Amino acid sequence: MAFVEKLYDAIVDGSEAEALEAVREELRAGTDPMLLITDSMIPAMDDVGQLYQEEQYFVPELILAGRAMKAAMEPLRPLLAFSGAKPAGVIVAGAVKGDLHDIGKNLVITMLEGAGFKVIDLGTDVKPEKFVAAIREHNPQIVCMTALLTVTMMAMKTTIMAIEAAGLRGLVKILVGGAPLNVRFANEIGADGYGETSTDAVALARHMVVSSQHAN
Ligand code: B12
């Protein structure tokens, strides 16, 4: 555990400048970038969510915390990125229609890139037809979807149905994640995998690429 109080506080307080400064200080001191994310930044966002639930925080505080988290991620991204020549696989990723939460998705993408995958980030509020078009354009092995709201979870199912209707379902594995999901839901909507954390995303994506190579 490498808990960095200054970084944690900066995110909970929604201070972009302090979050950035804390990350830079830690990197200069040689702290492992991944530990900064797992031990200070994610716990800070979890506690921000808790404060929101307890009605001590409201939407403006969520926005500020989200911005501080994003700012703190910036110097970490290149350090986690993989510099190998051939990607481990191609992935299309996005937050589903109606969902604007992208912190978890960005973290998943950073981790996947760090593990050598080429990731095409479709952003947030991604409509089913945009996923379909991206599969046609980029020919990925995996499609990653995120949903943070119970009301947007069903957009994952409509996206899978659209991929099926386009005749592309057999070409891609579908990996889903996001706080309100679970394995049962993933199975019900016909996804190929569910991951609770960004670390799970990497393990599952590796497994999916290997199994799709065996199938060919
Ligand atoms: C920050 C935040 C916001 C920010 C988002 C900023 C941004 N750029 O993302 C803003 C202010 C915009 C926002 C808006 C809203 N939010 Co909000 N938000 C949050 C908050 C506090 C943190 C989310 C977060 O970033 N967590 C940190 C990341 C790292 O975690 P994560 O996303 O879960 O991702 C991890 C895993 O789930 C997993 N994962 C994620 N995606 C994937 C994908 C794959 C493939 C895999 C394998 C794994 C995986 O890996 C990640 C890392 O381990 C949560 C509370 C919480 N604690 O979750 C509420 C929360 C999600 N929001 C909530 C609500 C209600 C809203 C609003 C409706 C508020 C409003 N009244 O307007 C709007 C909706 C906007 C919209 N249409 O999407 C509710 C949702 C309730 C529900 N179950 O439906 C929550 C749970 C708060 C609460 N306790 O009530 N929000």
# chains A, B, ... in the order shown; residues from 1 in each chain; ligands from 1
$ residues_near_ligand --ligand "ligand 1" --cutoff "7 Å" --atoms "only C-alpha atoms and all ligand atoms" --output "PyMOL selection string"
chain A and resi 42+45-50+52-53+59-60+62-63+65-67+98-105+107-108+144-151+175-180+194-201
$ write_last_selection --atoms "N, CA and C atoms" --output "tab-separated table (two decimals), in the first residue's frame"
chain	number	residue	atom	x	y	z
A	42	ILE	N	-7.97	5.89	-7.04
A	42	ILE	CA	-9.26	5.18	-7.06
A	42	ILE	C	-9.95	5.28	-5.69
A	45	MET	N	-11.71	8.62	-5.54
A	45	MET	CA	-12.96	8.71	-6.31
A	45	MET	C	-14.07	7.91	-5.63
A	46	ASP	N	-13.70	6.77	-5.04
A	46	ASP	CA	-14.72	5.97	-4.33
A	46	ASP	C	-15.31	6.78	-3.18
A	47	ASP	N	-14.43	7.50	-2.45
A	47	ASP	CA	-14.92	8.27	-1.32
A	47	ASP	C	-15.74	9.48	-1.77
A	48	VAL	N	-15.38	10.04	-2.93
A	48	VAL	CA	-16.18	11.13	-3.49
A	48	VAL	C	-17.59	10.61	-3.78
A	49	GLY	N	-17.67	9.40	-4.32
A	49	GLY	CA	-18.98	8.79	-4.59
A	49	GLY	C	-19.77	8.60	-3.31
A	50	GLN	N	-19.07	8.19	-2.27
A	50	GLN	CA	-19.71	7.98	-0.98
A	50	GLN	C	-20.26	9.30	-0.43
A	52	TYR	N	-21.13	11.84	-2.12
A	52	TYR	CA	-22.28	12.22	-2.95
A	52	TYR	C	-23.52	11.47	-2.47
A	53	GLN	N	-23.33	10.19	-2.19
A	53	GLN	CA	-24.44	9.37	-1.73
A	53	GLN	C	-24.99	9.88	-0.40
A	59	VAL	N	-23.38	17.54	-7.52
A	59	VAL	CA	-22.79	17.37	-8.85
A	59	VAL	C	-21.55	18.26	-9.08
A	60	PRO	N	-21.54	19.54	-8.68
A	60	PRO	CA	-20.33	20.34	-8.93
A	60	PRO	C	-19.07	19.72	-8.31
A	62	LEU	N	-18.61	16.55	-7.79
A	62	LEU	CA	-18.27	15.37	-8.61
A	62	LEU	C	-17.46	15.79	-9.83
A	63	ILE	N	-17.92	16.90	-10.45
A	63	ILE	CA	-17.23	17.37	-11.66
A	63	ILE	C	-15.80	17.77	-11.32
A	65	ALA	N	-13.93	16.78	-8.81
A	65	ALA	CA	-13.13	15.59	-8.48
A	65	ALA	C	-12.75	14.84	-9.75
A	66	GLY	N	-13.71	14.74	-10.67
A	66	GLY	CA	-13.44	14.07	-11.96
A	66	GLY	C	-12.33	14.78	-12.71
A	67	ARG	N	-12.34	16.10	-12.69
A	67	ARG	CA	-11.29	16.87	-13.39
A	67	ARG	C	-9.93	16.67	-12.74
A	98	GLY	N	-25.82	7.56	-23.53
A	98	GLY	CA	-26.43	8.18	-22.36
A	98	GLY	C	-25.49	8.32	-21.19
A	99	ASP	N	-24.32	7.68	-21.28
A	99	ASP	CA	-23.40	7.69	-20.13
A	99	ASP	C	-22.20	8.60	-20.37
A	100	LEU	N	-22.03	9.56	-19.46
A	100	LEU	CA	-20.94	10.54	-19.63
A	100	LEU	C	-19.75	10.24	-18.73
A	101	HIS	N	-19.83	9.19	-17.92
A	101	HIS	CA	-18.73	8.86	-17.02
A	101	HIS	C	-17.57	8.26	-17.81
A	102	ASP	N	-16.40	8.87	-17.72
A	102	ASP	CA	-15.29	8.30	-18.50
A	102	ASP	C	-14.02	8.05	-17.71
A	103	ILE	N	-14.06	8.28	-16.40
A	103	ILE	CA	-12.82	8.12	-15.62
A	103	ILE	C	-12.41	6.65	-15.58
A	104	GLY	N	-13.39	5.78	-15.29
A	104	GLY	CA	-13.09	4.34	-15.25
A	104	GLY	C	-12.68	3.83	-16.62
A	105	LYS	N	-13.41	4.27	-17.64
A	105	LYS	CA	-13.08	3.85	-19.01
A	105	LYS	C	-11.65	4.27	-19.36
A	107	LEU	N	-9.21	4.82	-17.40
A	107	LEU	CA	-8.27	4.01	-16.63
A	107	LEU	C	-8.10	2.64	-17.27
A	108	VAL	N	-9.21	2.06	-17.68
A	108	VAL	CA	-9.17	0.75	-18.35
A	108	VAL	C	-8.33	0.87	-19.62
A	144	CYS	N	-14.92	-3.06	-25.78
A	144	CYS	CA	-15.08	-2.82	-24.34
A	144	CYS	C	-16.14	-1.76	-24.13
A	145	MET	N	-17.09	-2.05	-23.26
A	145	MET	CA	-18.13	-1.06	-22.97
A	145	MET	C	-18.18	-0.77	-21.47
A	146	THR	N	-18.42	0.50	-21.16
A	146	THR	CA	-18.57	0.93	-19.77
A	146	THR	C	-19.94	1.54	-19.55
A	147	ALA	N	-20.53	1.27	-18.37
A	147	ALA	CA	-21.74	1.99	-17.94
A	147	ALA	C	-21.65	2.20	-16.44
A	148	LEU	N	-21.92	3.42	-16.02
A	148	LEU	CA	-21.86	3.73	-14.58
A	148	LEU	C	-23.24	4.00	-13.99
A	149	LEU	N	-24.24	4.10	-14.86
A	149	LEU	CA	-25.58	4.40	-14.38
A	149	LEU	C	-26.48	3.18	-14.61
A	150	THR	N	-27.33	2.91	-13.65
A	150	THR	CA	-28.25	1.78	-13.85
A	150	THR	C	-29.13	2.03	-15.10
A	151	VAL	N	-29.44	3.31	-15.35
A	151	VAL	CA	-30.30	3.59	-16.51
A	151	VAL	C	-29.57	3.43	-17.85
A	175	LEU	N	-16.51	-7.23	-23.93
A	175	LEU	CA	-16.11	-7.16	-22.53
A	175	LEU	C	-16.80	-5.94	-21.91
A	176	VAL	N	-17.50	-6.16	-20.80
A	176	VAL	CA	-18.23	-5.05	-20.18
A	176	VAL	C	-17.76	-4.81	-18.74
A	177	GLY	N	-17.93	-3.57	-18.29
A	177	GLY	CA	-17.57	-3.23	-16.92
A	177	GLY	C	-18.22	-1.94	-16.49
A	178	GLY	N	-18.04	-1.61	-15.21
A	178	GLY	CA	-18.66	-0.42	-14.64
A	178	GLY	C	-19.31	-0.79	-13.32
A	179	ALA	N	-19.30	0.16	-12.39
A	179	ALA	CA	-19.71	-0.13	-11.02
A	179	ALA	C	-21.06	-0.84	-10.83
A	180	PRO	N	-22.12	-0.50	-11.59
A	180	PRO	CA	-23.40	-1.17	-11.28
A	180	PRO	C	-23.54	-2.57	-11.88
A	194	TYR	N	-17.03	-10.04	-18.09
A	194	TYR	CA	-17.27	-8.89	-17.20
A	194	TYR	C	-16.04	-8.73	-16.30
A	195	GLY	N	-15.59	-7.50	-16.17
A	195	GLY	CA	-14.46	-7.24	-15.27
A	195	GLY	C	-14.83	-6.20	-14.25
A	196	GLU	N	-14.42	-6.46	-13.01
A	196	GLU	CA	-14.76	-5.50	-11.95
A	196	GLU	C	-13.79	-4.32	-11.93
A	197	THR	N	-12.54	-4.58	-12.28
A	197	THR	CA	-11.53	-3.52	-12.22
A	197	THR	C	-10.76	-3.42	-13.53
A	198	SER	N	-9.95	-2.36	-13.63
A	198	SER	CA	-9.15	-2.20	-14.84
A	198	SER	C	-8.08	-3.29	-14.94
A	199	THR	N	-7.67	-3.83	-13.82
A	199	THR	CA	-6.70	-4.93	-13.85
A	199	THR	C	-7.37	-6.17	-14.44
A	200	ASP	N	-8.64	-6.40	-14.05
A	200	ASP	CA	-9.37	-7.53	-14.64
A	200	ASP	C	-9.47	-7.34	-16.16
A	201	ALA	N	-9.67	-6.08	-16.59
A	201	ALA	CA	-9.85	-5.82	-18.03
A	201	ALA	C	-8.65	-6.35	-18.80
$ closest_atom_pairs --of "segment 168-214 of chain A" --to "segment 115-129 of chain A" --cutoff "10 Å" --atoms "only C-alpha atoms" --output "JSON lines"
{"residue": "A:Val202", "atom": "CA", "partner": "A:Ala115", "partner_atom": "CA", "distance": 6.9}
{"residue": "A:Ala203", "atom": "CA", "partner": "A:Ala115", "partner_atom": "CA", "distance": 9.4}
{"residue": "A:Ala205", "atom": "CA", "partner": "A:Phe117", "partner_atom": "CA", "distance": 8.9}
{"residue": "A:Arg206", "atom": "CA", "partner": "A:Ala115", "partner_atom": "CA", "distance": 8.8}
$ write_last_selection --atoms "N, CA, C and O atoms" --output "short mmCIF file (atom, residue, chain, number, x, y, z; two decimals), in the first residue's frame"
data_model
loop_
_atom_site.label_atom_id
_atom_site.label_comp_id
_atom_site.auth_asym_id
_atom_site.auth_seq_id
_atom_site.Cartn_x
_atom_site.Cartn_y
_atom_site.Cartn_z
N VAL A 202 -7.45 -6.13 -18.28
CA VAL A 202 -6.24 -6.58 -18.97
C VAL A 202 -6.20 -8.10 -19.03
O VAL A 202 -5.98 -8.69 -20.10
N ALA A 203 -6.44 -8.76 -17.89
CA ALA A 203 -6.38 -10.23 -17.86
C ALA A 203 -7.42 -10.83 -18.81
O ALA A 203 -7.12 -11.74 -19.58
N ALA A 205 -8.89 -9.36 -21.43
CA ALA A 205 -8.59 -9.05 -22.83
C ALA A 205 -7.51 -9.99 -23.35
O ALA A 205 -7.61 -10.49 -24.48
N ARG A 206 -6.49 -10.23 -22.55
CA ARG A 206 -5.43 -11.16 -22.99
C ARG A 206 -6.02 -12.53 -23.27
O ARG A 206 -5.73 -13.14 -24.29
#
$ select_by_dssp --residues "segment 156-207 of chain A" --states "strand (DSSP E)" --output "list in words"
Lys173, Ile174, Leu175, Val176, Gly177, Gly193, Tyr194 and Gly195 of chain A
$ atom_distance --atom1 "atom CA of Phe131 of chain A" --atom2 "atom CA of Val92 of chain A"
7.7 Å
$ atom_distance --atom1 "atom CA of Glu188 of chain A" --atom2 "atom CA of Asn139 of chain A"
25.3 Å
$ select_by_dssp --residues "segment 50-134 of chain A" --states "helix (DSSP H, G or I)" --output "ChimeraX atom specification"
/A:50-53,59-73,77-80,103-114,128-134
$ closest_residue --among "A:Ala19, A:Val96, A:Met69, A:Ile37" --to "Ala155 of chain A" --atoms "only C-alpha atoms"
A:Val96
$ residues_around --residues "Leu64 of chain A" --least-positions-apart "5" --cutoff "9 Å" --atoms "only C-alpha atoms" --output "list in words"
Ile11, Val12, Asp13, Gly14, Ser15, Glu16, Val59 and Met69 of chain A
$ write_last_selection --atoms "N, CA, C and O atoms" --output "mmCIF file, in the first residue's frame"
data_model
loop_
_atom_site.group_PDB
_atom_site.id
_atom_site.type_symbol
_atom_site.label_atom_id
_atom_site.label_comp_id
_atom_site.auth_asym_id
_atom_site.auth_seq_id
_atom_site.Cartn_x
_atom_site.Cartn_y
_atom_site.Cartn_z
ATOM 1 N N ILE A 11 -7.751 15.102 -4.908
ATOM 2 C CA ILE A 11 -8.869 14.599 -5.720
ATOM 3 C C ILE A 11 -10.188 14.784 -4.974
ATOM 4 O O ILE A 11 -11.163 15.278 -5.531
ATOM 5 N N VAL A 12 -10.193 14.430 -3.699
ATOM 6 C CA VAL A 12 -11.434 14.589 -2.912
ATOM 7 C C VAL A 12 -11.836 16.073 -2.872
ATOM 8 O O VAL A 12 -13.014 16.408 -2.963
ATOM 9 N N ASP A 13 -10.832 16.966 -2.787
ATOM 10 C CA ASP A 13 -11.127 18.410 -2.741
ATOM 11 C C ASP A 13 -11.365 18.999 -4.127
ATOM 12 O O ASP A 13 -11.679 20.179 -4.266
ATOM 13 N N GLY A 14 -11.131 18.192 -5.154
ATOM 14 C CA GLY A 14 -11.360 18.659 -6.526
ATOM 15 C C GLY A 14 -10.357 19.690 -6.994
ATOM 16 O O GLY A 14 -10.683 20.563 -7.792
ATOM 17 N N SER A 15 -9.110 19.575 -6.539
ATOM 18 C CA SER A 15 -8.094 20.544 -6.964
ATOM 19 C C SER A 15 -7.171 19.946 -8.024
ATOM 20 O O SER A 15 -6.295 19.130 -7.727
ATOM 21 N N GLU A 16 -7.388 20.383 -9.277
ATOM 22 C CA GLU A 16 -6.573 19.880 -10.386
ATOM 23 C C GLU A 16 -5.099 20.169 -10.168
ATOM 24 O O GLU A 16 -4.247 19.304 -10.340
ATOM 25 N N VAL A 59 -23.384 17.541 -7.521
ATOM 26 C CA VAL A 59 -22.792 17.372 -8.846
ATOM 27 C C VAL A 59 -21.545 18.260 -9.081
ATOM 28 O O VAL A 59 -20.553 17.779 -9.617
ATOM 29 N N MET A 69 -8.980 14.090 -11.072
ATOM 30 C CA MET A 69 -8.554 12.719 -11.395
ATOM 31 C C MET A 69 -7.942 12.692 -12.792
ATOM 32 O O MET A 69 -6.891 12.098 -13.024
#
$ atom_distance --atom1 "atom CA of Asp9 of chain A" --atom2 "atom CA of Met41 of chain A"
9.4 Å
$ closest_residue --among "A:Ala68, A:Val90, A:Met34, A:Ala95" --to "Glu21 of chain A" --atoms "only C-alpha atoms"
A:Ala68
$ residues_around --residues "Val4 of chain A" --least-positions-apart "5" --cutoff "9 Å" --atoms "only C-alpha atoms" --output "number ranges by chain"
A: 9, 22, 26, 36, 39-41
